[in-house]
$ cat query09.pdb   # PDB, C-alpha atoms
ATOM      1  CA  MET A 774      26.661  31.189 -28.464
ATOM      2  CA  ARG A 775      26.952  31.895 -24.758
ATOM      3  CA  GLY A 776      30.158  33.680 -23.835
ATOM      4  CA  GLN A 777      31.179  34.173 -27.430
ATOM      5  CA  GLN A 778      33.169  37.315 -28.125
ATOM      6  CA  VAL A 779      31.576  39.632 -30.644
ATOM      7  CA  LYS A 780      33.762  41.163 -33.319
ATOM      8  CA  LEU A 781      32.224  44.002 -35.272
ATOM      9  CA  TYR A 782      35.368  45.013 -37.125
ATOM     10  CA  ALA A 783      38.726  43.533 -37.947
ATOM     11  CA  ASP A 784      41.953  44.254 -36.073
ATOM     12  CA  ARG A 785      43.879  45.193 -39.200
ATOM     13  CA  LEU A 786      43.115  48.789 -40.112
ATOM     14  CA  PRO A 787      42.855  48.348 -43.906
ATOM     15  CA  HIS A 788      40.362  45.522 -43.403
ATOM     16  CA  ALA A 789      38.455  47.420 -40.685
ATOM     17  CA  ILE A 790      38.284  50.595 -42.795
ATOM     18  CA  ARG A 791      36.888  48.620 -45.743
ATOM     19  CA  GLN A 792      34.275  47.069 -43.457
ATOM     20  CA  LEU A 793      33.328  50.439 -41.982
ATOM     21  CA  LEU A 794      33.044  52.079 -45.405
ATOM     22  CA  THR A 795      30.981  49.161 -46.679
ATOM     23  CA  ASP A 796      28.647  49.365 -43.681
ATOM     24  CA  LEU A 797      28.210  53.103 -44.191
ATOM     25  CA  ALA A 798      27.601  52.590 -47.906
ATOM     26  CA  VAL A 799      24.924  49.978 -47.183
ATOM     27  CA  VAL A 800      23.205  52.268 -44.660
ATOM     28  CA  ILE A 801      23.267  55.202 -47.092
ATOM     29  CA  TRP A 802      22.080  52.961 -49.924
ATOM     30  CA  VAL A 803      19.123  51.660 -47.899
ATOM     31  CA  TYR A 804      18.272  55.169 -46.701
ATOM     32  CA  ALA A 805      18.357  56.469 -50.286
ATOM     33  CA  TRP A 806      15.970  53.751 -51.476
ATOM     34  CA  ILE A 807      13.614  54.401 -48.560
ATOM     35  CA  ARG A 808      13.613  58.101 -49.432
ATOM     36  CA  ALA A 809      12.949  57.178 -53.058
ATOM     37  CA  GLY A 810      10.040  54.999 -51.973
ATOM     38  CA  LEU A 811       8.575  57.845 -49.915
ATOM     39  CA  TRP A 812       9.028  60.218 -52.859
ATOM     40  CA  VAL A 813       7.179  57.839 -55.191
ATOM     41  CA  HIS A 814       4.463  57.407 -52.555
ATOM     42  CA  ASP A 815       3.951  61.157 -52.281
ATOM     43  CA  LEU A 816       4.084  61.585 -56.059
ATOM     44  CA  VAL A 817       1.403  58.964 -56.686
ATOM     45  CA  LEU A 818      -0.779  60.405 -53.928
ATOM     46  CA  LYS A 819      -1.054  63.595 -55.989
ATOM     47  CA  LEU A 820      -3.119  61.591 -58.459
ATOM     48  CA  GLY A 821      -5.791  61.499 -55.772
ATOM     49  CA  VAL A 822      -6.309  65.282 -55.892
ATOM     50  CA  PRO A 823      -9.082  65.042 -58.536
ATOM     51  CA  GLY A 824     -10.835  62.512 -56.320
ATOM     52  CA  GLN A 825     -10.587  64.882 -53.363
ATOM     53  CA  LYS A 826     -12.090  67.693 -55.422
ATOM     54  CA  LEU A 827     -14.824  65.405 -56.737
ATOM     55  CA  GLU A 828     -15.650  64.234 -53.223
ATOM     56  CA  GLY A 829     -15.729  67.793 -51.910
ATOM     57  CA  ALA A 830     -17.856  69.049 -54.763
ATOM     58  CA  GLY A 831     -20.267  66.130 -54.552
ATOM     59  CA  THR A 832     -20.626  66.410 -50.785
ATOM     60  CA  GLY A 833     -21.161  70.179 -50.938
ATOM     61  CA  LEU A 834     -23.691  69.897 -53.757
ATOM     62  CA  ALA A 835     -25.581  67.120 -51.962
ATOM     63  CA  ASP A 836     -25.766  69.161 -48.770
ATOM     64  CA  ASN A 837     -27.014  72.243 -50.645
ATOM     65  CA  LEU A 838     -29.634  70.237 -52.539
ATOM     66  CA  ALA A 839     -30.791  68.516 -49.383
ATOM     67  CA  ASP A 840     -31.066  71.887 -47.639
ATOM     68  CA  ALA A 841     -32.992  73.349 -50.579
ATOM     69  CA  GLY A 842     -35.262  70.309 -50.659
ATOM     70  CA  GLY A 843     -35.990  70.730 -46.974
ATOM     71  CA  LYS A 844     -37.034  74.335 -47.481
ATOM     72  CA  VAL A 845     -39.176  73.485 -50.513
ATOM     73  CA  GLY A 846     -40.785  70.676 -48.559
ATOM     74  CA  ARG A 847     -42.312  73.190 -46.200
ATOM     75  CA  VAL A 848     -44.501  74.591 -49.009
ATOM     76  CA  PRO A 849     -48.105  73.653 -48.216
ATOM     77  CA  LEU A 850     -49.884  70.969 -50.286
ATOM     78  CA  VAL A 851     -47.202  70.535 -53.011
ATOM     79  CA  GLY A 852     -44.135  70.409 -50.770
ATOM     80  CA  ASP A 853     -43.623  66.650 -51.042
ATOM     81  CA  GLN A 854     -43.891  66.692 -54.832
ATOM     82  CA  LEU A 855     -41.392  69.543 -55.115
ATOM     83  CA  THR A 856     -38.928  67.818 -52.756
ATOM     84  CA  ALA A 857     -38.543  64.647 -54.879
ATOM     85  CA  PRO A 858     -36.321  66.202 -57.625
ATOM     86  CA  PHE A 859     -34.034  67.743 -55.007
ATOM     87  CA  THR A 860     -33.761  64.397 -53.213
ATOM     88  CA  LYS A 861     -32.810  62.563 -56.407
ATOM     89  CA  ALA A 862     -30.277  65.238 -57.311
ATOM     90  CA  ALA A 863     -28.767  65.064 -53.823
ATOM     91  CA  GLU A 864     -28.433  61.272 -54.152
ATOM     92  CA  ALA A 865     -26.669  61.712 -57.497
ATOM     93  CA  ALA A 866     -24.297  64.233 -55.915
ATOM     94  CA  ARG A 867     -23.542  61.784 -53.088
ATOM     95  CA  SER A 868     -22.751  59.143 -55.716
ATOM     96  CA  LEU A 869     -20.201  61.544 -57.182
ATOM     97  CA  ALA A 870     -18.718  62.030 -53.714
ATOM     98  CA  ASP A 871     -18.524  58.241 -53.225
ATOM     99  CA  ALA A 872     -16.764  57.901 -56.587
ATOM    100  CA  GLY A 873     -14.255  60.523 -55.473
ATOM    101  CA  ARG A 874     -13.580  58.615 -52.249
ATOM    102  CA  GLU A 875     -13.124  55.341 -54.148
ATOM    103  CA  GLN A 876     -10.668  57.010 -56.515
ATOM    104  CA  GLN A 877      -8.658  58.259 -53.557
ATOM    105  CA  GLU A 878      -8.581  54.797 -51.985
ATOM    106  CA  ILE A 879      -7.334  53.274 -55.228
ATOM    107  CA  VAL A 880      -4.611  55.903 -55.519
ATOM    108  CA  GLN A 881      -3.575  55.427 -51.862
ATOM    109  CA  ASN A 882      -3.323  51.652 -52.301
ATOM    110  CA  LEU A 883      -1.346  52.104 -55.532
ATOM    111  CA  ALA A 884       1.024  54.541 -53.807
ATOM    112  CA  VAL A 885       1.719  52.061 -50.998
ATOM    113  CA  VAL A 886       2.241  49.119 -53.373
ATOM    114  CA  LEU A 887       4.622  51.026 -55.676
ATOM    115  CA  ALA A 888       6.631  52.366 -52.735
ATOM    116  CA  LEU A 889       6.946  48.887 -51.212
ATOM    117  CA  LEU A 890       7.978  47.358 -54.533
ATOM    118  CA  LEU A 891      10.616  50.031 -55.011
ATOM    119  CA  VAL A 892      12.114  49.443 -51.565
ATOM    120  CA  ALA A 893      11.631  45.662 -51.423
ATOM    121  CA  VAL A 894      14.360  44.664 -53.885
ATOM    122  CA  PRO A 895      17.185  46.740 -52.325
ATOM    123  CA  LEU A 896      16.182  45.604 -48.827
ATOM    124  CA  ALA A 897      16.067  41.986 -49.985
ATOM    125  CA  LEU A 898      19.599  42.286 -51.371
ATOM    126  CA  VAL A 899      20.789  43.626 -48.033
ATOM    127  CA  LEU A 900      18.925  41.090 -45.899
ATOM    128  CA  PHE A 901      19.660  37.999 -47.972
ATOM    129  CA  LEU A 902      23.081  38.757 -49.476
ATOM    130  CA  TRP A 903      25.101  41.340 -47.539
ATOM    131  CA  LEU A 904      23.798  40.767 -44.009
ATOM    132  CA  PRO A 905      24.382  36.960 -43.909
ATOM    133  CA  LEU A 906      27.966  37.458 -45.089
ATOM    134  CA  ARG A 907      28.512  40.189 -42.492
ATOM    135  CA  VAL A 908      27.054  38.091 -39.669
ATOM    136  CA  ARG A 909      29.057  35.033 -40.745
ATOM    137  CA  TRP A 910      32.283  37.040 -40.588
ATOM    138  CA  MET A 911      31.346  38.398 -37.154
ATOM    139  CA  ARG A 912      30.749  34.868 -35.856
ATOM    140  CA  ARG A 913      33.931  33.436 -37.325
ATOM    141  CA  ALA A 914      36.016  36.394 -36.240
ATOM    142  CA  GLY A 915      34.498  36.265 -32.747
ATOM    143  CA  VAL A 916      35.420  32.610 -32.319
ATOM    144  CA  ALA A 917      38.889  33.141 -33.779
ATOM    145  CA  ALA A 918      39.524  36.131 -31.508
ATOM    146  CA  LYS A 919      38.457  34.089 -28.483
ATOM    147  CA  VAL A 920      40.728  31.127 -29.161
ATOM    148  CA  ARG A 921      43.779  32.801 -30.696
ATOM    149  CA  ASP A 922      45.584  33.169 -27.360
ATOM    150  CA  GLN A 923      44.937  29.558 -26.368
ATOM    151  CA  PRO A 924      47.347  26.782 -27.392
ATOM    152  CA  ALA A 925      44.524  24.477 -28.444
ATOM    153  CA  GLY A 926      42.910  27.406 -30.240
ATOM    154  CA  LYS A 927      45.952  27.864 -32.414
ATOM    155  CA  ASP A 928      45.692  24.222 -33.437
ATOM    156  CA  LEU A 929      42.074  24.773 -34.405
ATOM    157  CA  LEU A 930      42.982  27.864 -36.416
ATOM    158  CA  ALA A 931      45.790  25.960 -38.106
ATOM    159  CA  LEU A 932      43.420  23.123 -38.973
ATOM    160  CA  ARG A 933      40.938  25.628 -40.342
ATOM    161  CA  ALA A 934      43.657  27.158 -42.503
ATOM    162  CA  LEU A 935      44.675  23.753 -43.868
ATOM    163  CA  SER A 936      41.077  22.940 -44.798
ATOM    164  CA  SER A 937      40.034  26.275 -46.288
ATOM    165  CA  GLN A 938      43.044  28.294 -47.417
ATOM    166  CA  PRO A 939      44.074  28.202 -51.108
ATOM    167  CA  LEU A 940      46.951  25.876 -51.916
ATOM    168  CA  ASN A 941      49.141  28.682 -53.233
ATOM    169  CA  LYS A 942      49.008  30.414 -49.844
ATOM    170  CA  LEU A 943      49.699  27.172 -47.971
ATOM    171  CA  THR A 944      52.706  26.296 -50.116
ATOM    172  CA  ARG A 945      54.243  29.691 -49.345
ATOM    173  CA  LEU A 946      54.601  28.496 -45.763
ATOM    174  CA  GLY A 947      56.671  25.538 -46.956
ATOM    175  CA  PRO A 948      56.184  22.447 -49.102
ATOM    176  CA  ASP A 949      55.826  20.225 -46.018
ATOM    177  CA  ILE A 950      53.591  22.531 -44.013
ATOM    178  CA  ALA A 951      50.896  19.873 -43.577
ATOM    179  CA  GLN A 952      53.402  17.288 -42.368
ATOM    180  CA  SER A 953      54.972  19.828 -40.032
ATOM    181  CA  TRP A 954      51.541  20.513 -38.550
ATOM    182  CA  ARG A 955      50.943  16.778 -38.063
ATOM    183  CA  ASN A 956      54.260  16.553 -36.258
ATOM    184  CA  GLY A 957      53.173  19.318 -33.910
ATOM    185  CA  ASP A 958      55.786  21.804 -35.094
ATOM    186  CA  ALA A 959      55.088  25.023 -33.176
ATOM    187  CA  ASP A 960      56.304  27.296 -35.989
ATOM    188  CA  ALA A 961      54.030  25.541 -38.490
ATOM    189  CA  VAL A 962      51.060  25.820 -36.138
ATOM    190  CA  ASN A 963      51.715  29.514 -35.521
ATOM    191  CA  SER A 964      52.165  30.225 -39.235
ATOM    192  CA  LEU A 965      48.956  28.455 -40.166
ATOM    193  CA  ALA A 966      47.047  30.132 -37.339
ATOM    194  CA  ALA A 967      48.388  33.530 -38.410
ATOM    195  CA  LEU A 968      47.336  32.801 -41.991
ATOM    196  CA  GLU A 969      43.763  32.079 -40.893
ATOM    197  CA  LEU A 970      43.673  35.128 -38.636
ATOM    198  CA  ASN A 971      44.975  37.282 -41.469
ATOM    199  CA  ARG A 972      42.182  36.021 -43.727
ATOM    200  CA  LEU A 973      39.685  37.299 -41.156
ATOM    201  CA  GLY A 974      41.533  40.587 -40.765
ATOM    202  CA  LEU A 975      42.697  39.689 -37.240
ATOM    203  CA  THR A 976      46.141  39.892 -35.680
ATOM    204  CA  PRO A 977      47.731  37.224 -33.454
ATOM    205  CA  SER A 978      47.944  39.691 -30.562
ATOM    206  CA  GLY A 979      44.538  41.325 -30.965
ATOM    207  CA  ARG A 980      46.081  44.782 -31.398
ATOM    208  CA  ARG A 981      45.213  47.153 -34.185
ATOM    209  CA  ARG A 982      47.574  47.416 -37.100
TER
END
$ encode --input "query09.pdb" --output "structure tokens"
Amino acid sequence: MRGQQVKLYADRLPHAIRQLLTDLAVVIWVYAWIRAGLWVHDLVLKLGVPGQKLEGAGTGLADNLADAGGKVGRVPLVGDQLTAPFTKAAEAARSLADAGREQQEIVQNLAVVLALLLVAVPLALVLFLWLPLRVRWMRRAGVAAKVRDQPAGKDLLALRALSSQPLNKLTRLGPDIAQSWRNGDADAVNSLAALELNRLGLTPSGRRR
């Protein structure tokens, strides 16, 4: 909303400290899961070492056989016949190298998928559970902080308290608190507004406590 005041933390210190500690815990929790995902990724990648060795061995063998075949091919008259076995062996070695590369690709894809699966659930909990609640408080607290010093704002806060606060908290303000609010009693309005602000961790004056 344009012009809306943003409240990151409550005015009341106990409430603000709980929010700060919770935010830090969420950040550390997410960071820990990301590190765990990277660790799993690196661990699974080690399974690709045999494929790397197979690729290297196959490529090296194919190159050596092709080089040997080229030298044998220079033998007069029978060079072409002698080259054929080396060519077939070089092709077989290249097939081994291709198999090594395919094994590495499979391992790399598996490492990425496992790491994403490991991180996805914790991130989903943060994005779909904690973050919406945090943003909703910030919006409500921002609006409440903006209107708390306005006479009409106190009426809105009082109305919000009457509609959302538990009955046991409302009755503590007096058995006729609703009727007093309807009559425009200033003390009733202030008490109800303070009750709603307290629920959000805010103070009537906006100062830290």
$ atom_distance --input "query09.pdb" --atom1 "CA of Gly915 in chain A" --atom2 "CA of Lys780 in chain A"
5.0 Å
$ residues_around --input "query09.pdb" --residues "range 930-941 of chain A" --least-positions-apart "2" --cutoff "7 Å" --atoms "only C-alpha atoms" --output "PDB file with C-alpha atoms, in the frame of the given file"
ATOM      1  CA  GLY A 926      42.910  27.406 -30.240  1.00  0.00           C
ATOM      2  CA  LYS A 927      45.952  27.864 -32.414  1.00  0.00           C
ATOM      3  CA  ASP A 928      45.692  24.222 -33.437  1.00  0.00           C
ATOM      4  CA  LEU A 943      49.699  27.172 -47.971  1.00  0.00           C
ATOM      5  CA  THR A 944      52.706  26.296 -50.116  1.00  0.00           C
ATOM      6  CA  ARG A 945      54.243  29.691 -49.345  1.00  0.00           C
ATOM      7  CA  VAL A 962      51.060  25.820 -36.138  1.00  0.00           C
ATOM      8  CA  LEU A 965      48.956  28.455 -40.166  1.00  0.00           C
ATOM      9  CA  ALA A 966      47.047  30.132 -37.339  1.00  0.00           C
ATOM     10  CA  LEU A 968      47.336  32.801 -41.991  1.00  0.00           C
ATOM     11  CA  GLU A 969      43.763  32.079 -40.893  1.00  0.00           C
TER      12      GLU A 969
END
$ residues_near_point --input "query09.pdb" --point "(-22.3, 66.7, -57.5)" --cutoff "6 Å" --atoms "only C-alpha atoms" --output "JSON, numbers by chain"
{"A": [830, 831, 834, 866, 869]}
$ closest_atom_pairs --input "query09.pdb" --of "range 898-977 of chain A" --to "range 788-805 of chain A" --cutoff "9 Å" --atoms "only C-alpha atoms" --output "JSON lines"
{"residue": "A:Val899", "atom": "CA", "partner": "A:Val799", "partner_atom": "CA", "distance": 7.6}
{"residue": "A:Trp903", "atom": "CA", "partner": "A:Val799", "partner_atom": "CA", "distance": 8.6}
{"residue": "A:Leu973", "atom": "CA", "partner": "A:His788", "partner_atom": "CA", "distance": 8.6}
{"residue": "A:Gly974", "atom": "CA", "partner": "A:His788", "partner_atom": "CA", "distance": 5.7}
{"residue": "A:Leu975", "atom": "CA", "partner": "A:His788", "partner_atom": "CA", "distance": 8.8}
$ write_last_selection --input "query09.pdb" --atoms "C-alpha atoms" --output "mmCIF file, in the frame of the given file"
data_model
loop_
_atom_site.group_PDB
_atom_site.id
_atom_site.type_symbol
_atom_site.label_atom_id
_atom_site.label_comp_id
_atom_site.auth_asym_id
_atom_site.auth_seq_id
_atom_site.Cartn_x
_atom_site.Cartn_y
_atom_site.Cartn_z
ATOM 1 C CA VAL A 899 20.789 43.626 -48.033
ATOM 2 C CA TRP A 903 25.101 41.340 -47.539
ATOM 3 C CA LEU A 973 39.685 37.299 -41.156
ATOM 4 C CA GLY A 974 41.533 40.587 -40.765
ATOM 5 C CA LEU A 975 42.697 39.689 -37.240
#
$ resolve_selection --input "query09.pdb" --expression "the PyMOL selection byres ((chain A and resi 867) around 10)" --output "count of residues only"
21
$ closest_residue --input "query09.pdb" --among "A:Ala884, A:Val813, A:Leu970, A:Leu818" --to "Ala914 in chain A" --atoms "only C-alpha atoms"
A:Leu970
$ resolve_selection --input "query09.pdb" --expression "the PyMOL selection byres ((chain A and resi 891) around 12)" --output "list in words"
Val803, Ala805, Trp806, Ile807, Arg808, Ala809, Gly810, Leu811, Trp812, Val813, His814, Ala884, Val885, Val886, Leu887, Ala888, Leu889, Leu890, Val892, Ala893, Val894, Pro895, Leu896 and Ala897 of chain A
$ atom_distance --input "query09.pdb" --atom1 "CA of Gly824 in chain A" --atom2 "CA of Asn837 in chain A"
19.7 Å
$ atom_distance --input "query09.pdb" --atom1 "CA of Val920 in chain A" --atom2 "CA of Leu904 in chain A"
24.5 Å
$ closest_residue --input "query09.pdb" --among "A:Leu898, A:Ala917, A:Ala959, A:Val880" --to "Asp815 in chain A" --atoms "all atoms listed in the file"
A:Val880
$ closest_residue --input "query09.pdb" --among "A:Leu820, A:Leu946, A:Ala951, A:Leu786" --to "Asn882 in chain A" --atoms "only C-alpha atoms"
A:Leu820
$ axis_aligned_box --input "query09.pdb" --around "range 895-914 of chain A" --padding-each-side "5 Å" --output "JSON"
{"center_x": 26.0, "center_y": 40.1, "center_z": -44.1, "size_x": 29.9, "size_y": 23.3, "size_z": 26.5}
$ closest_residue --input "query09.pdb" --among "A:Asp922, A:Arg909, A:Gln825, A:Leu900" --to "Gln877 in chain A" --atoms "all atoms listed in the file"
A:Gln825
$ closest_residue --input "query09.pdb" --among "A:Leu827, A:Val916, A:Ala925, A:Leu906" --to "Glu875 in chain A" --atoms "all atoms listed in the file"
A:Leu827
$ closest_residue --input "query09.pdb" --among "A:Arg912, A:Ala918, A:Arg907, A:Gly821" --to "Glu878 in chain A" --atoms "all atoms listed in the file"
A:Gly821
